[in-house]
Each structure stands twice: as structure tokens, then as C-alpha cells.
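The next block holds one structure in the form of C-alpha cells; read it before the comments.
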Amino acid sequence: MRPLIMNGRFLFPEKSLLNSRIFTTFGFAKLQIQKNITAMNYKKVFETMVSETAKYLIGNRLKTMVLGFSGGIDSTVTAAICHEVVKQHPEQEFKFIGVSMPCSTNSAEENDSATLGMRAFCTEWWVENLQAQYLLMKATCEQRLPSTPVSQGNIKARLRMIYLYNIASVTGGLVMDTDNLTEHNLGFWTIHGDVADYNPIGGLWKHEVYDLCKYIFTECYADESDPRHQALQAAYDILPTDGNGVAAGGDMAQIAPGHTYDDVDDILDTYLQQGDDEKQMRRLIDAYGAETVERVLSRHRGSEYKRKRMPLVIERSLYED
């Protein structure tokens, strides 16, 4: 599988291995599901992401990595990668600056998790509450047109990116992108609000980000008293949300209510490999329901325009066996 950016185009995964999984309902085998599962060597994945990120910084004479911390799993895993870049290359004198930029829609749990991550991984960090700036911009925009929950979330995301790019500009650095392959294929991000300069985890499906996170805190930082272990564990356990208050109930409330990222990834990966193949579509409908499959694929089809210009993503073939 090789999701990468080339000449401004996003190239989707090639065929992955197919493994069978039996799903049961009320204790009875009800149907056989063919899940798209590729075995990943997460040691290799992590080491590749660290080395490729360092190579990019050195090759472009950049000294600072800037990351917005949401407290969620994507930003925290990205933070672990940046932390290792700094640690493994002391001669480069890299800096890793983290900033949490909450608004009123961010939960205390998210804010606490963000603080844990910044303390554990960053060379410099702080919290900058952007609620006042958000309200001012929201009121300015509403002088002409009414806002919606989505447009309000976009304002928050774009204000945060303005702040992060200012830091990168004055410190000779770049802004780290934290979107994953699932979000890319759902269009589940804000143009000029989430997309940044360099994305180490962009070739991973969301469920793989969880697997990578678990590998890092159980194998690399296994001591439970290690702040890095604690930060990654907190991010692993937290309910994934967009951080912008668009909908209550986390990401799945917007994407596929009642389902998981494993389910969504299966739908997307199967569609990208098999298209509208009748047998595969029937499998997905039997497994997840026609409404869910259509909901996920509609998001994918309707967001193609957002994938025309993507950030640099580490090529998956560099770490996939």
C-alpha cells in the first residue's frame, strides 16, 4: 500500500492482504466478513517516521517543529515522533514547540491530555486560550451571513493555524500536520485549518494510529511512571472528537453513528481497492448496514476536491513490509 503525495495528487492504497474474521451476534456466527488487514511492524513504522522527519528537517535547514495539541491520539503520536527527532539528533539543536489552543467547546479531559502530552514531549510549550478571538471572528463573519456548527468549527481551526504558522515563521520552522488516512479519505478536516506542512502519520488508517500509539507506550516507554507513557495512554483512552464542538458524541456521531474507526476504515479501504464491486458492496452492507456504508462513501465522494492539494506525507512503502 502506498498512499503518498506526488505532483499535487493524492495516490490511494494499492491492494492489501485480505484476512477472514468471524463476527458473531448473540453468540452465534452470523456472517463471515473479509476485512482488509495488513500486518504492520510498528517498530519499523515508528523508526521510519522519526528518521524521515529528521531527514526532511535537515535537508530543508529547518530547526523548529511546531505542533498544535488537541489532547487526542493523532497529535500525541505525532508529538512522540517529534520528541524522538530532537532526542536522536542533539547536534542539530532542534526545537519542538507545542501549543494547546482551547476554546469553550474543548473538554477538560481534552485539555488535561494536551497538557500531559506537551509536558512529556516538548522542548517548549504553553496554553493559549483562543475563545475571545473566536468570538470576535465569529461575530465579524455573522455580520454578513449566519454561521453553522461546521462554519464555527472551521473558524476555530483556522485561528489555531494562524497562531501556529506565526510561531513557525519567527522560529525558522514548520507546522506539523496530524491528519490520518481515514480523515483524508472522509474529508474530515478543515482546509487551511488542519492541513499543515509535513505529516508523518498521514499514511496510516485511524485504527493503525491507535495500534502505533499502543506500541510506543508499551514498548518504547513501557515504564508506567514515565510521563511519555502516561501521555500516550491518556490520548489512547480519550474519546476522539474534532475538538471544535461540531457535534456531541465524538467523531463517530458525525461519521458513522454506532460504529468504530475499524468499521469505517474497512469500508473506505475496500471501496478504494474494489470500487463498486457487487460482492464487496454486499459484504459491507451485510456487515454495517446500507445507511452506514452510503454515509461513509458519500463523505468520501463529496470531499474529493479537498484531496487535490495535500501536505507532504511519509510514503507508506517505506515502512510497510
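Convention: chains lettered A, B, ... in C-alpha cells order; per-chain residue numbering from 1; ligands numbered from 1 as shown.
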Each residue of stretch 199-222 of chain A with at least one atom at most 12 Å from stretch 81-96 of chain A should appear once, together with its nearest atom pair and the corresponding distance in Å (one decimal); atoms considered: only C-alpha atoms; ordering: chain, then increasing residue number; output as CSV.
```
residue,atom,partner,partner_atom,distance
A:Asn199,CA,A:Ile81,CA,10.7
A:Pro200,CA,A:Ile81,CA,8.0
A:Ile201,CA,A:Ile81,CA,9.4
A:Leu212,CA,A:Ile81,CA,11.0
A:Cys213,CA,A:Ile81,CA,10.6
A:Ile216,CA,A:Ile81,CA,9.8
A:Cys220,CA,A:Glu84,CA,10.6
A:Tyr221,CA,A:Glu84,CA,11.6
```
Self-check item: Residues near A:Ile167, cut-off 12 Å, only C-alpha atoms, skip fewer than 4 positions along chain, as a list in words
Solution: Thr64, Met65, Val66, Leu67, Gly68, Lys95, Phe96, Ile97, Gly98, Val99, Glu124, Trp125, Arg160, Met161, Ile162, Tyr163, Thr171, Gly172, Gly173, Leu174, Val175 and Met176 of chain A
Quiz prompt | Test item: residues at most 7 Å from stretch 282-292 of chain A, only C-alpha atoms, excluding those fewer than 4 positions along its chain, as a PyMOL selection string | solution = chain A and resi 33+256+267+278+296
Can those selected residues be exported to a file as a PDB file, in the first residue's frame so that it contains all heavy atoms?
```pdb
ATOM      1  N   ILE A  33     -16.912 -12.050   7.531  1.00  0.00           N
ATOM      2  CA  ILE A  33     -16.501 -10.769   6.986  1.00  0.00           C
ATOM      3  C   ILE A  33     -15.064 -10.857   6.496  1.00  0.00           C
ATOM      4  O   ILE A  33     -14.197 -11.338   7.191  1.00  0.00           O
ATOM      5  CB  ILE A  33     -16.580  -9.670   8.082  1.00  0.00           C
ATOM      6  CG1 ILE A  33     -17.969  -9.652   8.719  1.00  0.00           C
ATOM      7  CG2 ILE A  33     -16.233  -8.320   7.512  1.00  0.00           C
ATOM      8  CD1 ILE A  33     -19.073  -9.328   7.758  1.00  0.00           C
ATOM      9  N   ALA A 256     -20.188   7.882  11.445  1.00  0.00           N
ATOM     10  CA  ALA A 256     -20.947   6.627  11.354  1.00  0.00           C
ATOM     11  C   ALA A 256     -21.464   6.261  12.739  1.00  0.00           C
ATOM     12  O   ALA A 256     -20.845   5.462  13.445  1.00  0.00           O
ATOM     13  CB  ALA A 256     -20.068   5.508  10.800  1.00  0.00           C
ATOM     14  N   ILE A 267     -14.651  -0.007   5.316  1.00  0.00           N
ATOM     15  CA  ILE A 267     -15.495   0.486   4.220  1.00  0.00           C
ATOM     16  C   ILE A 267     -14.653   1.267   3.211  1.00  0.00           C
ATOM     17  O   ILE A 267     -14.721   1.028   1.994  1.00  0.00           O
ATOM     18  CB  ILE A 267     -16.634   1.366   4.767  1.00  0.00           C
ATOM     19  CG1 ILE A 267     -17.605   0.525   5.615  1.00  0.00           C
ATOM     20  CG2 ILE A 267     -17.390   2.044   3.618  1.00  0.00           C
ATOM     21  CD1 ILE A 267     -18.602   1.345   6.405  1.00  0.00           C
ATOM     22  N   GLU A 278     -19.820  -5.647  -6.795  1.00  0.00           N
ATOM     23  CA  GLU A 278     -21.091  -6.048  -6.184  1.00  0.00           C
ATOM     24  C   GLU A 278     -20.894  -6.947  -4.963  1.00  0.00           C
ATOM     25  O   GLU A 278     -21.545  -6.766  -3.929  1.00  0.00           O
ATOM     26  CB  GLU A 278     -21.958  -6.765  -7.221  1.00  0.00           C
ATOM     27  CG  GLU A 278     -23.328  -7.162  -6.686  1.00  0.00           C
ATOM     28  CD  GLU A 278     -24.195  -7.820  -7.747  1.00  0.00           C
ATOM     29  OE1 GLU A 278     -23.778  -7.833  -8.929  1.00  0.00           O
ATOM     30  OE2 GLU A 278     -25.286  -8.333  -7.389  1.00  0.00           O
ATOM     31  N   VAL A 296     -20.710   6.839   4.751  1.00  0.00           N
ATOM     32  CA  VAL A 296     -19.247   6.935   4.690  1.00  0.00           C
ATOM     33  C   VAL A 296     -18.784   7.231   3.268  1.00  0.00           C
ATOM     34  O   VAL A 296     -17.962   8.132   3.041  1.00  0.00           O
ATOM     35  CB  VAL A 296     -18.598   5.633   5.206  1.00  0.00           C
ATOM     36  CG1 VAL A 296     -17.089   5.622   4.926  1.00  0.00           C
ATOM     37  CG2 VAL A 296     -18.858   5.462   6.698  1.00  0.00           C
TER      38      VAL A 296
END
```
Give me the residues of stretch 228-298 of chain A that have any atom at most 7 Å from an atom of stretch 109-119 of chain A; for each, the nearest atom pair and the distance in Å, rounded to one decimal. Use only C-alpha atoms, sort by chain and number, and format it as a Markdown table.
```
| residue | atom | partner | partner_atom | distance |
| --- | --- | --- | --- | --- |
| A:Ala231 | CA | A:Gly117 | CA | 4.9 |
| A:Ala234 | CA | A:Ser113 | CA | 6.1 |
| A:Ala235 | CA | A:Ser113 | CA | 6.4 |
```
Practice problem: Would you mind listing what lies within 9 Å of A:Glu183 as a list in words, with only C-alpha atoms counted and same-chain residues fewer than 3 positions away left out? | Solution: Asp179, Asn180, Leu186, Gly187, Phe188, Trp189, Gly202, Trp205 and Lys206 of chain A
For N, CA and C atoms, I'd like the residues from the last selection saved as a PDB file, in the first residue's frame.
```
ATOM      1  N   ASP A 179      -3.230  14.860  10.435  1.00  0.00           N
ATOM      2  CA  ASP A 179      -4.361  14.106   9.882  1.00  0.00           C
ATOM      3  C   ASP A 179      -3.905  12.722   9.444  1.00  0.00           C
ATOM      4  N   ASN A 180      -4.815  11.767   9.517  1.00  0.00           N
ATOM      5  CA  ASN A 180      -4.503  10.391   9.122  1.00  0.00           C
ATOM      6  C   ASN A 180      -5.226  10.033   7.827  1.00  0.00           C
ATOM      7  N   LEU A 186     -12.172  10.818   4.204  1.00  0.00           N
ATOM      8  CA  LEU A 186     -13.511  11.285   4.578  1.00  0.00           C
ATOM      9  C   LEU A 186     -13.676  12.786   4.359  1.00  0.00           C
ATOM     10  N   GLY A 187     -12.585  13.469   4.066  1.00  0.00           N
ATOM     11  CA  GLY A 187     -12.641  14.930   4.032  1.00  0.00           C
ATOM     12  C   GLY A 187     -12.890  15.499   5.419  1.00  0.00           C
ATOM     13  N   PHE A 188     -12.463  14.760   6.446  1.00  0.00           N
ATOM     14  CA  PHE A 188     -12.764  15.112   7.829  1.00  0.00           C
ATOM     15  C   PHE A 188     -11.666  16.022   8.386  1.00  0.00           C
ATOM     16  N   TRP A 189     -11.502  17.151   7.734  1.00  0.00           N
ATOM     17  CA  TRP A 189     -10.545  18.155   8.192  1.00  0.00           C
ATOM     18  C   TRP A 189     -10.918  19.495   7.561  1.00  0.00           C
ATOM     19  N   GLY A 202       0.316  10.476   8.042  1.00  0.00           N
ATOM     20  CA  GLY A 202      -0.747  10.564   7.042  1.00  0.00           C
ATOM     21  C   GLY A 202      -0.973   9.326   6.211  1.00  0.00           C
ATOM     22  N   TRP A 205      -4.130   4.432   8.464  1.00  0.00           N
ATOM     23  CA  TRP A 205      -5.550   4.483   8.794  1.00  0.00           C
ATOM     24  C   TRP A 205      -5.685   4.785  10.295  1.00  0.00           C
ATOM     25  N   LYS A 206      -6.837   5.286  10.672  1.00  0.00           N
ATOM     26  CA  LYS A 206      -7.019   5.684  12.075  1.00  0.00           C
ATOM     27  C   LYS A 206      -6.793   4.517  13.041  1.00  0.00           C
TER      28      LYS A 206
END
```
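Take the candidates A:Lys214, A:Lys279, A:Thr260, A:Pro227 and check each one against A:Tyr42 using only C-alpha atoms; the shortest distance goes to A:Lys214.
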Self-check item: Contacts of stretch 147-158 of chain A at 10 Å (only C-alpha atoms; same-chain gap of 2+ positions) as a PyMOL selection string
Solution: chain A and resi 101-103+105+130-131+133-135+137-139+141-145+160-164+189-195+242-247
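Nearest-residue note for A:Ile238: choosing from A:Asn106, A:Leu57, A:Ser51, A:Gly71, the minimum distance belongs to A:Gly71, counting only C-alpha atoms.
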